[in-house]
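**Q** Before we start, here is the structure in question, set down as structure tokens.
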Amino acid sequence: MAERICVARIGAAHGVKGEVKLWSFTADPAAVADYGPLESQDGTQRFEIEAVRAAKDHLVARLSGVRDRDAAQRLTNLDLYVPRDRLPAPAPEEFYHADLIGLRAEGRDGAVLATIVGIHDFGAGDLLELRAAGSSSTVLMPFTAETVPVVDIAGGRIVIDPPHDLFN
């Protein structure tokens with residue numbers, strides 16, 4: 001399991017006083033401010049959320065050490081992480097997306113079809129990004145109970161029921 005979990009992504013600067021647009025990946029978007037300091041993936045940058053408010057489809061945040069638009073713009077598209085132990089344990093039948101990355105995707109017959117390389121949400125629900133076995137290209141598949149009837153994190157796998165032509 002991942003030791004750190006990506007909980008947010010900084011978007012563009014918001015205004016001239018160093019605020020940023022913030023996309024939260026937590027179940028309750030505002031809860032991202034409750035998990036303590038957030039770090040860049042490599043751990044070289046660390047931020048406290050000093051203030052956060054809801055906007056149309058994102059949050060607007062004031063981060064420690066970011067006081068002007070130029071500083072905010074340098075952070076655009078920066079993913080923010082927290083140690084797993086700061087987050088609540090997932091409920092039964094729930095999991096963190098980070099725990100899915102790298103799992104093998106098997107067909108109902110047990111044949112390994114692909115590996116999960118990403119999970120995306122472009123607004124219409126989660127999509128799994130799968131790299132087909134023996135291929136360098138990836139495909140996207142809806143992440144629904146119908147297409148993914150089994151998620152077995154402990155077993156390192158999911159069972160998928162892909163469309164017949166997905167890997168062709």
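Letters A, B, ... go to the chains of the structure tokens in the order shown; residues in each chain start at 1; ligands are counted from 1 in the same order.
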I'd like the neighbourhood of His58 of chain A as a PyMOL selection string, where a residue qualifies if any of its atoms comes within 12 Å (using only C-alpha atoms), though same-chain residues fewer than 4 positions away should be ignored.

**A** chain A and resi 8-12+14+20-26+28-30+32+52-54

**Q** Need the shell around Leu127 of chain A: protein/DNA/RNA residues with any atom at most 6 Å away, counting only C-alpha atoms. Skip same-chain ones fewer than 3 positions apart. Format as a PyMOL selection string?

**A** chain A and resi 119-120+141-143

**Q** Would you compute the distance between atom CA of Pro37 of chain A and atom CA of Glu19 of chain A? Give it in Å to one decimal.

**A**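 Interatomic distance here is 16.5 Å.
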
**Q** From the options A:Leu166, A:Ala33, A:Ala72, A:Leu38, which residue's atoms come nearest to Glu50 of chain A, counting only C-alpha atoms?

**A**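 Of A:Leu166, A:Ala33, A:Ala72, A:Leu38, the one nearest Glu50 of chain A is A:Ala33, counting only C-alpha atoms.
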
**Q** Among chain A, which ones does DSSP assign to alpha helix (DSSP H) (computed from the backbone)? Answer as number ranges by chain.

**A** A: 69-73

**Q** Go through A:Cys6, A:Val151, A:Ala51, A:Ala124 one by one, measure the shortest atom-to-atom distance of each to Pro92 of chain A using only C-alpha atoms, and give the residue with the smallest value.

**A**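 Of A:Cys6, A:Val151, A:Ala51, A:Ala124, the one nearest Pro92 of chain A is A:Val151, counting only C-alpha atoms.
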